[in-house]
There are 2 protein chains.
Amino acid sequence: MKDLEQVLDLRPGSIYAAFGSKDGLFASALDRYAETGAARLAELRDQHGPLGALKAHAMALADDPAPARACMLVKTLLEAPEGPVRDAAAANLRSMETVFASLFREAQAAGEIAAHHDPDRLARRHQSDITGLRATLERPDVDATALATEIADGLDTLR
Amino acid sequence: MKDLEQVLDLRPGSIYAAFGSKDGLFASALDRYAETGAARLAELRDQHGPLGALKAHAMALADDPAPARACMLVKTLLEAPEGPVRDAAAANLRSMETVFASLFREAQAAGEIAAHHDPDRLARRHQSDITGLRATLERPDVDATALATEIADGLDTLR
DNA sequence: CACTTTCTTGAGTAATCGTTCAAGAATAAT
DNA sequence: ATTATTCTTGAACGATTACTCAAGAAAGTG
């Protein structure tokens, strides 16, 4: 809260008038974070097609200059106490997973990956992979691009 | 600290006399956590061989009844402010990675996986996968065993 | 046994936390 | 221009935080 007050140049009262509570503010931030994430994926799909979007998305993470490389939803899931905030994080992760699933389904329809795969399973696994990648990006001693490339290349083996 | 005081039935002074500071206590806990983790992997190797240990380790995570399923080292890496504590988490993760690497090397020598793989790359990727798995375990709506099985089975495809 | 060392306690401290609210300032509507 | 509404502020609040220390209790030693 201190950091926000400083960067917004606002006193606590204003922030509480707008968001009600610290948790309310955080919940809003979570939702916005999830929204923009999904929007970026949709954009990538239009540019590169379904499978290309998944690959581009993974590669983009490695080059992301954002201070926190790990996913805000995951960080919240791991650290928030049981309650509405943590539940919201889990729910947003689930809807991200369904976005991945429909990209895999689309890729399958387009013949980019083999028909025998279950898109829901692929999505679950891919989200886990992305979560691992993004956590690993926080380590200063790991080659981010190499790891992202491995994951992106793995998607090509689903042909 | 409150929780610890309660469960240990000790007053703050005793804890500070023993560990110096909250960070000192946390650093000790981190080291112990990493030690016992490595010890468990060594035990699994003696029981199941190198590749079997990696598979058993992944599967054991899914059944772990511990309250926090995600890795303490990863949680620390993601949330601790820059400083010695976070550095210790990163260093412990690195040494876990080298344990994975030597298991892969051993598996390779035993002919359990093909010779053309780079054990260090395998280790890096596997640790990322495990990190993703363990974070995903915190989600109440995901089939933990299914995901762990997928990762364990993936190790067999390295033949 | 007395005595030294180690461990533990009770009672504190100063700083920070999330939060509130009456009153003032700025903006919009009539 | 006056009123009604929204936004912002300054100054606080009780609770919690990490931490300290002199004094007492327990354990080990000769």
# chains A, B, ... in the order shown; residues from 1 in each chain; ligands from 1

call {"tool": "residues_around", "arguments": {"residues": "region 11-15 of chain D", "least_positions_apart": "4", "cutoff": "12 Å", "atoms": "only C-alpha atoms (C1' of nucleotides)", "output": "PyMOL selection string"}}
result
(chain A and resi 11-13) or (chain C and resi 16-23)

call {"tool": "closest_atom_pairs", "arguments": {"of": "chain D", "to": "region 3-14 of chain C", "cutoff": "12 Å", "atoms": "only C-alpha atoms (C1' of nucleotides)", "output": "Markdown table"}}
result
| residue | atom | partner | partner_atom | distance |
| --- | --- | --- | --- | --- |
| D:DT17 | C1' | C:DA14 | C1' | 10.2 |
| D:DA18 | C1' | C:DA14 | C1' | 10.0 |
| D:DC19 | C1' | C:DT13 | C1' | 8.3 |
| D:DT20 | C1' | C:DT13 | C1' | 7.6 |
| D:DC21 | C1' | C:DG12 | C1' | 8.9 |
| D:DA22 | C1' | C:DA11 | C1' | 10.2 |
| D:DA23 | C1' | C:DT9 | C1' | 8.7 |
| D:DG24 | C1' | C:DT9 | C1' | 7.5 |
| D:DA25 | C1' | C:DT8 | C1' | 7.2 |
| D:DA26 | C1' | C:DC7 | C1' | 7.2 |
| D:DA27 | C1' | C:DT6 | C1' | 7.4 |
| D:DG28 | C1' | C:DT5 | C1' | 7.7 |
| D:DT29 | C1' | C:DT4 | C1' | 7.8 |
| D:DG30 | C1' | C:DC3 | C1' | 9.0 |

call {"tool": "calpha_fit_and_write", "arguments": {"fixed": "chain A", "moving": "chain B", "output": "short mmCIF file (atom, residue, chain, number, x, y, z; two decimals) with N, CA and C atoms, in the first residue's frame"}}
result
data_model
loop_
_atom_site.label_atom_id
_atom_site.label_comp_id
_atom_site.auth_asym_id
_atom_site.auth_seq_id
_atom_site.Cartn_x
_atom_site.Cartn_y
_atom_site.Cartn_z
N MET B 1 0.82 -1.17 -0.04
CA MET B 1 0.00 0.03 -0.01
C MET B 1 0.88 1.28 -0.01
N LYS B 2 1.90 1.28 0.82
CA LYS B 2 2.85 2.40 0.83
C LYS B 2 3.38 2.70 -0.58
N ASP B 3 3.80 1.66 -1.26
CA ASP B 3 4.34 1.83 -2.61
C ASP B 3 3.31 2.44 -3.55
N LEU B 4 2.10 1.95 -3.45
CA LEU B 4 1.04 2.47 -4.32
C LEU B 4 0.75 3.93 -4.01
N GLU B 5 0.64 4.26 -2.71
CA GLU B 5 0.39 5.65 -2.33
C GLU B 5 1.45 6.56 -2.93
N GLN B 6 2.68 6.08 -2.88
CA GLN B 6 3.77 6.92 -3.38
C GLN B 6 3.70 7.10 -4.89
N VAL B 7 3.52 5.99 -5.61
CA VAL B 7 3.57 6.07 -7.06
C VAL B 7 2.31 6.75 -7.62
N LEU B 8 1.20 6.66 -6.91
CA LEU B 8 -0.02 7.32 -7.36
C LEU B 8 -0.12 8.74 -6.82
N ASP B 9 0.71 9.06 -5.84
CA ASP B 9 0.62 10.32 -5.12
C ASP B 9 -0.81 10.52 -4.60
N LEU B 10 -1.27 9.54 -3.87
CA LEU B 10 -2.60 9.60 -3.26
C LEU B 10 -2.48 9.19 -1.80
N ARG B 11 -3.35 9.75 -0.98
CA ARG B 11 -3.38 9.41 0.43
C ARG B 11 -4.28 8.18 0.60
N PRO B 12 -4.06 7.42 1.69
CA PRO B 12 -4.81 6.15 1.88
C PRO B 12 -6.31 6.30 1.68
N GLY B 13 -6.88 7.40 2.17
CA GLY B 13 -8.32 7.60 2.09
C GLY B 13 -8.86 7.48 0.67
N SER B 14 -8.14 8.06 -0.29
CA SER B 14 -8.60 8.01 -1.68
C SER B 14 -8.66 6.57 -2.17
N ILE B 15 -7.61 5.83 -1.86
CA ILE B 15 -7.54 4.45 -2.33
C ILE B 15 -8.64 3.60 -1.70
N TYR B 16 -8.87 3.81 -0.42
CA TYR B 16 -9.91 3.03 0.25
C TYR B 16 -11.29 3.45 -0.23
N ALA B 17 -11.46 4.73 -0.60
CA ALA B 17 -12.74 5.17 -1.15
C ALA B 17 -13.01 4.47 -2.48
N ALA B 18 -11.95 4.22 -3.23
CA ALA B 18 -12.11 3.64 -4.56
C ALA B 18 -12.25 2.12 -4.53
N PHE B 19 -11.54 1.49 -3.62
CA PHE B 19 -11.49 0.01 -3.67
C PHE B 19 -12.02 -0.68 -2.43
N GLY B 20 -12.34 0.08 -1.39
CA GLY B 20 -12.96 -0.52 -0.23
C GLY B 20 -12.00 -1.13 0.76
N SER B 21 -11.11 -1.96 0.26
CA SER B 21 -10.17 -2.63 1.16
C SER B 21 -8.93 -3.04 0.37
N LYS B 22 -7.93 -3.43 1.08
CA LYS B 22 -6.72 -3.91 0.43
C LYS B 22 -7.04 -5.14 -0.43
N ASP B 23 -7.83 -6.03 0.13
CA ASP B 23 -8.21 -7.23 -0.62
C ASP B 23 -9.03 -6.88 -1.86
N GLY B 24 -9.93 -5.89 -1.71
CA GLY B 24 -10.73 -5.48 -2.85
C GLY B 24 -9.87 -4.94 -3.98
N LEU B 25 -8.91 -4.12 -3.60
CA LEU B 25 -7.96 -3.59 -4.58
C LEU B 25 -7.20 -4.73 -5.25
N PHE B 26 -6.76 -5.66 -4.43
CA PHE B 26 -5.96 -6.77 -4.97
C PHE B 26 -6.80 -7.62 -5.92
N ALA B 27 -8.04 -7.85 -5.54
CA ALA B 27 -8.92 -8.65 -6.40
C ALA B 27 -9.12 -7.97 -7.75
N SER B 28 -9.29 -6.63 -7.73
CA SER B 28 -9.43 -5.90 -8.99
C SER B 28 -8.18 -6.04 -9.84
N ALA B 29 -7.03 -5.94 -9.20
CA ALA B 29 -5.76 -6.06 -9.92
C ALA B 29 -5.63 -7.45 -10.53
N LEU B 30 -6.04 -8.46 -9.76
CA LEU B 30 -5.99 -9.85 -10.25
C LEU B 30 -6.83 -10.01 -11.50
N ASP B 31 -8.05 -9.51 -11.44
CA ASP B 31 -8.96 -9.66 -12.58
C ASP B 31 -8.40 -8.95 -13.81
N ARG B 32 -7.90 -7.75 -13.58
CA ARG B 32 -7.33 -7.00 -14.70
C ARG B 32 -6.14 -7.74 -15.28
N TYR B 33 -5.33 -8.28 -14.42
CA TYR B 33 -4.16 -9.03 -14.86
C TYR B 33 -4.58 -10.20 -15.75
N ALA B 34 -5.57 -10.93 -15.30
CA ALA B 34 -6.04 -12.09 -16.06
C ALA B 34 -6.62 -11.66 -17.40
N GLU B 35 -7.38 -10.56 -17.38
CA GLU B 35 -7.98 -10.05 -18.62
C GLU B 35 -6.92 -9.71 -19.66
N THR B 36 -5.95 -8.91 -19.25
CA THR B 36 -4.94 -8.49 -20.22
C THR B 36 -4.12 -9.67 -20.71
N GLY B 37 -3.93 -10.66 -19.82
CA GLY B 37 -3.21 -11.86 -20.25
C GLY B 37 -3.96 -12.59 -21.34
N ALA B 38 -5.25 -12.77 -21.15
CA ALA B 38 -6.06 -13.46 -22.14
C ALA B 38 -6.12 -12.66 -23.44
N ALA B 39 -6.19 -11.35 -23.32
CA ALA B 39 -6.25 -10.49 -24.51
C ALA B 39 -4.98 -10.62 -25.33
N ARG B 40 -3.84 -10.69 -24.64
CA ARG B 40 -2.58 -10.81 -25.35
C ARG B 40 -2.51 -12.13 -26.10
N LEU B 41 -3.02 -13.19 -25.48
CA LEU B 41 -3.04 -14.49 -26.16
C LEU B 41 -3.93 -14.45 -27.40
N ALA B 42 -5.06 -13.78 -27.30
CA ALA B 42 -5.97 -13.68 -28.45
C ALA B 42 -5.30 -12.95 -29.60
N GLU B 43 -4.57 -11.90 -29.24
CA GLU B 43 -3.83 -11.14 -30.25
C GLU B 43 -2.80 -12.03 -30.94
N LEU B 44 -2.10 -12.80 -30.17
CA LEU B 44 -1.08 -13.69 -30.73
C LEU B 44 -1.71 -14.73 -31.66
N ARG B 45 -2.90 -15.17 -31.29
CA ARG B 45 -3.56 -16.18 -32.13
C ARG B 45 -3.87 -15.60 -33.50
N ASP B 46 -4.33 -14.34 -33.53
CA ASP B 46 -4.63 -13.72 -34.82
C ASP B 46 -3.37 -13.53 -35.66
N GLN B 47 -2.27 -13.31 -34.98
CA GLN B 47 -1.02 -13.10 -35.73
C GLN B 47 -0.39 -14.41 -36.20
N HIS B 48 -0.42 -15.43 -35.34
CA HIS B 48 0.38 -16.64 -35.62
C HIS B 48 -0.42 -17.92 -35.72
N GLY B 49 -1.72 -17.84 -35.62
CA GLY B 49 -2.52 -19.06 -35.59
C GLY B 49 -2.44 -19.71 -34.23
N PRO B 50 -3.26 -20.74 -33.99
CA PRO B 50 -3.37 -21.33 -32.65
C PRO B 50 -2.05 -21.89 -32.09
N LEU B 51 -1.40 -22.77 -32.83
CA LEU B 51 -0.16 -23.36 -32.31
C LEU B 51 0.94 -22.31 -32.26
N GLY B 52 0.99 -21.46 -33.27
CA GLY B 52 1.98 -20.39 -33.28
C GLY B 52 1.81 -19.45 -32.10
N ALA B 53 0.57 -19.21 -31.71
CA ALA B 53 0.31 -18.34 -30.57
C ALA B 53 0.87 -18.94 -29.29
N LEU B 54 0.66 -20.24 -29.11
CA LEU B 54 1.16 -20.90 -27.91
C LEU B 54 2.69 -20.84 -27.87
N LYS B 55 3.30 -21.04 -29.02
CA LYS B 55 4.77 -20.98 -29.07
C LYS B 55 5.26 -19.55 -28.85
N ALA B 56 4.63 -18.59 -29.52
CA ALA B 56 5.03 -17.19 -29.36
C ALA B 56 4.85 -16.72 -27.93
N HIS B 57 3.76 -17.18 -27.32
CA HIS B 57 3.48 -16.82 -25.93
C HIS B 57 4.60 -17.30 -25.01
N ALA B 58 5.00 -18.55 -25.19
CA ALA B 58 6.07 -19.10 -24.36
C ALA B 58 7.37 -18.33 -24.57
N MET B 59 7.69 -18.05 -25.83
CA MET B 59 8.93 -17.35 -26.11
C MET B 59 8.91 -15.91 -25.58
N ALA B 60 7.74 -15.29 -25.65
CA ALA B 60 7.63 -13.90 -25.19
C ALA B 60 7.93 -13.81 -23.69
N LEU B 61 7.57 -14.84 -22.95
CA LEU B 61 7.81 -14.82 -21.51
C LEU B 61 9.29 -14.68 -21.21
N ALA B 62 10.11 -15.35 -22.00
CA ALA B 62 11.55 -15.33 -21.74
C ALA B 62 12.14 -13.94 -21.93
N ASP B 63 11.53 -13.17 -22.82
CA ASP B 63 12.07 -11.84 -23.11
C ASP B 63 11.37 -10.73 -22.34
N ASP B 64 10.38 -11.10 -21.57
CA ASP B 64 9.61 -10.10 -20.84
C ASP B 64 10.51 -9.36 -19.84
N PRO B 65 10.58 -8.03 -19.97
CA PRO B 65 11.43 -7.28 -19.06
C PRO B 65 10.75 -6.92 -17.74
N ALA B 66 9.51 -7.40 -17.52
CA ALA B 66 8.78 -7.06 -16.30
C ALA B 66 9.58 -7.47 -15.07
N PRO B 67 9.46 -6.68 -14.01
CA PRO B 67 10.21 -6.96 -12.78
C PRO B 67 9.86 -8.32 -12.18
N ALA B 68 8.56 -8.64 -12.16
CA ALA B 68 8.15 -9.95 -11.65
C ALA B 68 7.84 -10.84 -12.85
N ARG B 69 8.65 -11.85 -13.06
CA ARG B 69 8.49 -12.70 -14.23
C ARG B 69 7.46 -13.80 -13.97
N ALA B 70 7.36 -14.24 -12.74
CA ALA B 70 6.40 -15.29 -12.42
C ALA B 70 4.98 -14.74 -12.56
N CYS B 71 4.03 -15.63 -12.69
CA CYS B 71 2.64 -15.26 -12.91
C CYS B 71 2.00 -14.78 -11.60
N MET B 72 1.33 -13.64 -11.68
CA MET B 72 0.67 -13.08 -10.51
C MET B 72 -0.39 -14.03 -9.95
N LEU B 73 -1.07 -14.73 -10.85
CA LEU B 73 -2.10 -15.66 -10.41
C LEU B 73 -1.48 -16.79 -9.60
N VAL B 74 -0.35 -17.30 -10.07
CA VAL B 74 0.32 -18.39 -9.38
C VAL B 74 0.87 -17.91 -8.04
N LYS B 75 1.50 -16.75 -8.05
CA LYS B 75 2.04 -16.22 -6.80
C LYS B 75 0.92 -16.07 -5.77
N THR B 76 -0.22 -15.59 -6.23
CA THR B 76 -1.35 -15.43 -5.31
C THR B 76 -1.83 -16.78 -4.82
N LEU B 77 -1.93 -17.73 -5.74
CA LEU B 77 -2.36 -19.08 -5.35
C LEU B 77 -1.44 -19.66 -4.28
N LEU B 78 -0.15 -19.40 -4.42
CA LEU B 78 0.81 -20.02 -3.50
C LEU B 78 0.89 -19.32 -2.15
N GLU B 79 0.56 -18.04 -2.10
CA GLU B 79 0.81 -17.30 -0.86
C GLU B 79 -0.43 -16.78 -0.16
N ALA B 80 -1.51 -16.56 -0.90
CA ALA B 80 -2.69 -16.00 -0.25
C ALA B 80 -3.30 -17.04 0.69
N PRO B 81 -3.79 -16.58 1.84
CA PRO B 81 -4.49 -17.49 2.75
C PRO B 81 -5.79 -17.96 2.12
N GLU B 82 -6.27 -19.12 2.56
CA GLU B 82 -7.54 -19.61 2.03
C GLU B 82 -8.60 -18.53 2.17
N GLY B 83 -9.35 -18.32 1.10
CA GLY B 83 -10.36 -17.27 1.14
C GLY B 83 -10.66 -16.81 -0.27
N PRO B 84 -11.47 -15.76 -0.39
CA PRO B 84 -11.94 -15.33 -1.72
C PRO B 84 -10.80 -14.93 -2.66
N VAL B 85 -9.75 -14.34 -2.15
CA VAL B 85 -8.66 -13.90 -3.02
C VAL B 85 -7.99 -15.10 -3.67
N ARG B 86 -7.66 -16.08 -2.84
CA ARG B 86 -7.04 -17.28 -3.38
C ARG B 86 -7.97 -18.00 -4.34
N ASP B 87 -9.24 -18.04 -4.00
CA ASP B 87 -10.22 -18.68 -4.88
C ASP B 87 -10.28 -17.98 -6.23
N ALA B 88 -10.21 -16.65 -6.19
CA ALA B 88 -10.25 -15.88 -7.45
C ALA B 88 -9.02 -16.21 -8.30
N ALA B 89 -7.88 -16.36 -7.66
CA ALA B 89 -6.67 -16.72 -8.39
C ALA B 89 -6.84 -18.08 -9.05
N ALA B 90 -7.36 -19.04 -8.29
CA ALA B 90 -7.56 -20.39 -8.83
C ALA B 90 -8.55 -20.36 -9.99
N ALA B 91 -9.61 -19.57 -9.84
CA ALA B 91 -10.63 -19.50 -10.90
C ALA B 91 -10.04 -18.88 -12.17
N ASN B 92 -9.24 -17.84 -12.00
CA ASN B 92 -8.61 -17.21 -13.17
C ASN B 92 -7.63 -18.16 -13.85
N LEU B 93 -6.94 -18.96 -13.05
CA LEU B 93 -6.04 -19.94 -13.65
C LEU B 93 -6.82 -20.96 -14.46
N ARG B 94 -7.96 -21.33 -13.92
CA ARG B 94 -8.79 -22.29 -14.65
C ARG B 94 -9.23 -21.72 -15.99
N SER B 95 -9.63 -20.47 -16.00
CA SER B 95 -10.12 -19.93 -17.28
C SER B 95 -8.96 -19.74 -18.26
N MET B 96 -7.77 -19.46 -17.74
CA MET B 96 -6.60 -19.45 -18.62
C MET B 96 -6.39 -20.84 -19.22
N GLU B 97 -6.61 -21.84 -18.42
CA GLU B 97 -6.42 -23.21 -18.90
C GLU B 97 -7.40 -23.53 -20.02
N THR B 98 -8.61 -23.04 -19.89
CA THR B 98 -9.59 -23.31 -20.95
C THR B 98 -9.24 -22.53 -22.21
N VAL B 99 -8.60 -21.37 -22.06
CA VAL B 99 -8.12 -20.66 -23.25
C VAL B 99 -7.06 -21.50 -23.95
N PHE B 100 -6.14 -22.05 -23.19
CA PHE B 100 -5.14 -22.95 -23.78
C PHE B 100 -5.83 -24.11 -24.48
N ALA B 101 -6.82 -24.68 -23.81
CA ALA B 101 -7.50 -25.84 -24.37
C ALA B 101 -8.14 -25.51 -25.72
N SER B 102 -8.77 -24.34 -25.82
CA SER B 102 -9.41 -24.05 -27.11
C SER B 102 -8.37 -23.77 -28.18
N LEU B 103 -7.22 -23.24 -27.80
CA LEU B 103 -6.14 -23.08 -28.78
C LEU B 103 -5.67 -24.44 -29.28
N PHE B 104 -5.53 -25.38 -28.37
CA PHE B 104 -5.12 -26.74 -28.78
C PHE B 104 -6.18 -27.37 -29.68
N ARG B 105 -7.44 -27.15 -29.33
CA ARG B 105 -8.52 -27.71 -30.14
C ARG B 105 -8.49 -27.12 -31.55
N GLU B 106 -8.29 -25.80 -31.59
CA GLU B 106 -8.20 -25.12 -32.87
C GLU B 106 -7.02 -25.64 -33.68
N ALA B 107 -5.90 -25.82 -33.00
CA ALA B 107 -4.70 -26.32 -33.68
C ALA B 107 -4.95 -27.71 -34.25
N GLN B 108 -5.72 -28.47 -33.51
CA GLN B 108 -6.04 -29.82 -33.94
C GLN B 108 -6.94 -29.77 -35.18
N ALA B 109 -7.94 -28.91 -35.14
CA ALA B 109 -8.84 -28.77 -36.29
C ALA B 109 -8.08 -28.31 -37.53
N ALA B 110 -7.05 -27.50 -37.30
CA ALA B 110 -6.26 -27.00 -38.42
C ALA B 110 -5.19 -28.00 -38.85
N GLY B 111 -5.15 -29.13 -38.16
CA GLY B 111 -4.18 -30.14 -38.53
C GLY B 111 -2.76 -29.83 -38.06
N GLU B 112 -2.63 -28.87 -37.15
CA GLU B 112 -1.28 -28.51 -36.68
C GLU B 112 -0.76 -29.50 -35.65
N ILE B 113 -1.67 -30.20 -34.98
CA ILE B 113 -1.26 -31.27 -34.07
C ILE B 113 -2.12 -32.49 -34.33
N ALA B 114 -1.60 -33.66 -33.95
CA ALA B 114 -2.26 -34.91 -34.26
C ALA B 114 -3.61 -35.01 -33.56
N ALA B 115 -4.50 -35.78 -34.16
CA ALA B 115 -5.88 -35.85 -33.68
C ALA B 115 -6.04 -36.66 -32.40
N HIS B 116 -5.05 -37.51 -32.12
CA HIS B 116 -5.24 -38.44 -30.98
C HIS B 116 -5.03 -37.79 -29.62
N HIS B 117 -4.56 -36.55 -29.60
CA HIS B 117 -4.34 -35.90 -28.30
C HIS B 117 -5.63 -35.35 -27.71
N ASP B 118 -5.69 -35.36 -26.38
CA ASP B 118 -6.82 -34.75 -25.68
C ASP B 118 -6.47 -33.29 -25.36
N PRO B 119 -7.18 -32.35 -25.98
CA PRO B 119 -6.84 -30.93 -25.81
C PRO B 119 -6.85 -30.48 -24.35
N ASP B 120 -7.77 -31.04 -23.56
CA ASP B 120 -7.83 -30.65 -22.16
C ASP B 120 -6.59 -31.10 -21.40
N ARG B 121 -6.14 -32.29 -21.73
CA ARG B 121 -4.91 -32.78 -21.10
C ARG B 121 -3.72 -31.96 -21.54
N LEU B 122 -3.66 -31.67 -22.81
CA LEU B 122 -2.58 -30.82 -23.32
C LEU B 122 -2.56 -29.47 -22.62
N ALA B 123 -3.74 -28.91 -22.45
CA ALA B 123 -3.85 -27.59 -21.82
C ALA B 123 -3.37 -27.64 -20.37
N ARG B 124 -3.81 -28.66 -19.67
CA ARG B 124 -3.40 -28.79 -18.27
C ARG B 124 -1.89 -28.91 -18.17
N ARG B 125 -1.33 -29.75 -19.02
CA ARG B 125 0.11 -29.94 -18.99
C ARG B 125 0.85 -28.67 -19.40
N HIS B 126 0.32 -28.03 -20.44
CA HIS B 126 1.01 -26.82 -20.92
C HIS B 126 0.99 -25.72 -19.86
N GLN B 127 -0.13 -25.56 -19.19
CA GLN B 127 -0.19 -24.52 -18.17
C GLN B 127 0.80 -24.82 -17.05
N SER B 128 0.90 -26.09 -16.70
CA SER B 128 1.89 -26.47 -15.70
C SER B 128 3.30 -26.14 -16.18
N ASP B 129 3.58 -26.43 -17.46
CA ASP B 129 4.90 -26.13 -18.01
C ASP B 129 5.19 -24.64 -17.98
N ILE B 130 4.18 -23.84 -18.36
CA ILE B 130 4.35 -22.39 -18.36
C ILE B 130 4.58 -21.88 -16.94
N THR B 131 3.86 -22.46 -16.01
CA THR B 131 4.04 -22.08 -14.61
C THR B 131 5.47 -22.36 -14.16
N GLY B 132 5.97 -23.53 -14.51
CA GLY B 132 7.34 -23.87 -14.17
C GLY B 132 8.33 -22.93 -14.83
N LEU B 133 8.10 -22.66 -16.11
CA LEU B 133 8.98 -21.74 -16.83
C LEU B 133 9.03 -20.38 -16.14
N ARG B 134 7.86 -19.84 -15.87
CA ARG B 134 7.81 -18.49 -15.31
C ARG B 134 8.41 -18.41 -13.92
N ALA B 135 8.27 -19.46 -13.13
CA ALA B 135 8.93 -19.48 -11.83
C ALA B 135 10.44 -19.55 -12.02
N THR B 136 10.86 -20.36 -12.96
CA THR B 136 12.30 -20.53 -13.21
C THR B 136 12.93 -19.23 -13.70
N LEU B 137 12.13 -18.42 -14.40
CA LEU B 137 12.64 -17.15 -14.88
C LEU B 137 13.13 -16.24 -13.75
N GLU B 138 12.65 -16.49 -12.57
CA GLU B 138 13.06 -15.66 -11.44
C GLU B 138 14.46 -16.02 -10.96
N ARG B 139 14.96 -17.14 -11.42
CA ARG B 139 16.32 -17.53 -11.02
C ARG B 139 17.33 -16.81 -11.92
N PRO B 140 18.31 -16.18 -11.29
CA PRO B 140 19.27 -15.42 -12.09
C PRO B 140 20.26 -16.32 -12.83
N ASP B 141 20.33 -17.58 -12.46
CA ASP B 141 21.39 -18.46 -12.99
C ASP B 141 20.88 -19.44 -14.04
N VAL B 142 19.70 -19.18 -14.58
CA VAL B 142 19.16 -20.11 -15.57
C VAL B 142 18.94 -19.40 -16.89
N ASP B 143 19.29 -20.05 -17.97
CA ASP B 143 19.11 -19.50 -19.30
C ASP B 143 17.64 -19.56 -19.69
N ALA B 144 16.98 -18.41 -19.57
CA ALA B 144 15.53 -18.35 -19.76
C ALA B 144 15.14 -18.75 -21.18
N THR B 145 15.84 -18.19 -22.15
CA THR B 145 15.48 -18.44 -23.55
C THR B 145 15.60 -19.92 -23.89
N ALA B 146 16.64 -20.55 -23.38
CA ALA B 146 16.84 -21.97 -23.67
C ALA B 146 15.66 -22.80 -23.17
N LEU B 147 15.22 -22.49 -21.95
CA LEU B 147 14.11 -23.25 -21.37
C LEU B 147 12.81 -22.98 -22.13
N ALA B 148 12.57 -21.72 -22.45
CA ALA B 148 11.37 -21.37 -23.20
C ALA B 148 11.38 -22.05 -24.57
N THR B 149 12.53 -22.07 -25.20
CA THR B 149 12.65 -22.71 -26.51
C THR B 149 12.33 -24.19 -26.43
N GLU B 150 12.82 -24.82 -25.38
CA GLU B 150 12.54 -26.25 -25.21
C GLU B 150 11.04 -26.51 -25.12
N ILE B 151 10.36 -25.66 -24.37
CA ILE B 151 8.91 -25.83 -24.22
C ILE B 151 8.19 -25.56 -25.54
N ALA B 152 8.59 -24.48 -26.21
CA ALA B 152 7.97 -24.15 -27.50
C ALA B 152 8.21 -25.27 -28.51
N ASP B 153 9.44 -25.77 -28.56
CA ASP B 153 9.75 -26.84 -29.50
C ASP B 153 8.96 -28.11 -29.18
N GLY B 154 8.73 -28.32 -27.89
CA GLY B 154 7.96 -29.49 -27.48
C GLY B 154 6.58 -29.49 -28.11
N LEU B 155 6.02 -28.31 -28.31
CA LEU B 155 4.69 -28.21 -28.91
C LEU B 155 4.69 -28.74 -30.34
N ASP B 156 5.82 -28.58 -31.01
CA ASP B 156 5.91 -29.04 -32.40
C ASP B 156 5.92 -30.56 -32.51
N THR B 157 6.32 -31.22 -31.43
CA THR B 157 6.39 -32.69 -31.47
C THR B 157 5.00 -33.31 -31.34
N LEU B 158 3.97 -32.48 -31.23
CA LEU B 158 2.61 -33.01 -31.10
C LEU B 158 1.97 -33.26 -32.46
N ARG B 159 2.71 -32.96 -33.48
CA ARG B 159 2.24 -33.15 -34.87
C ARG B 159 1.74 -34.56 -35.10
#

call {"tool": "atom_distance", "arguments": {"atom1": "C1' of DT30 (chain C)", "atom2": "C1' of DA4 (chain D)"}}
result
9.1 Å

call {"tool": "select_by_dssp", "arguments": {"residues": "region 31-110 of chain B", "states": "helix (DSSP H, G or I)", "output": "number ranges by chain"}}
result
B: 31-63, 72-79, 84-109

call {"tool": "interface_residues", "arguments": {"of": "chain D", "to": "chain A", "cutoff": "8 Å", "atoms": "only C-alpha atoms (C1' of nucleotides)", "output": "ChimeraX atom specification"}}
result
/D:7-9
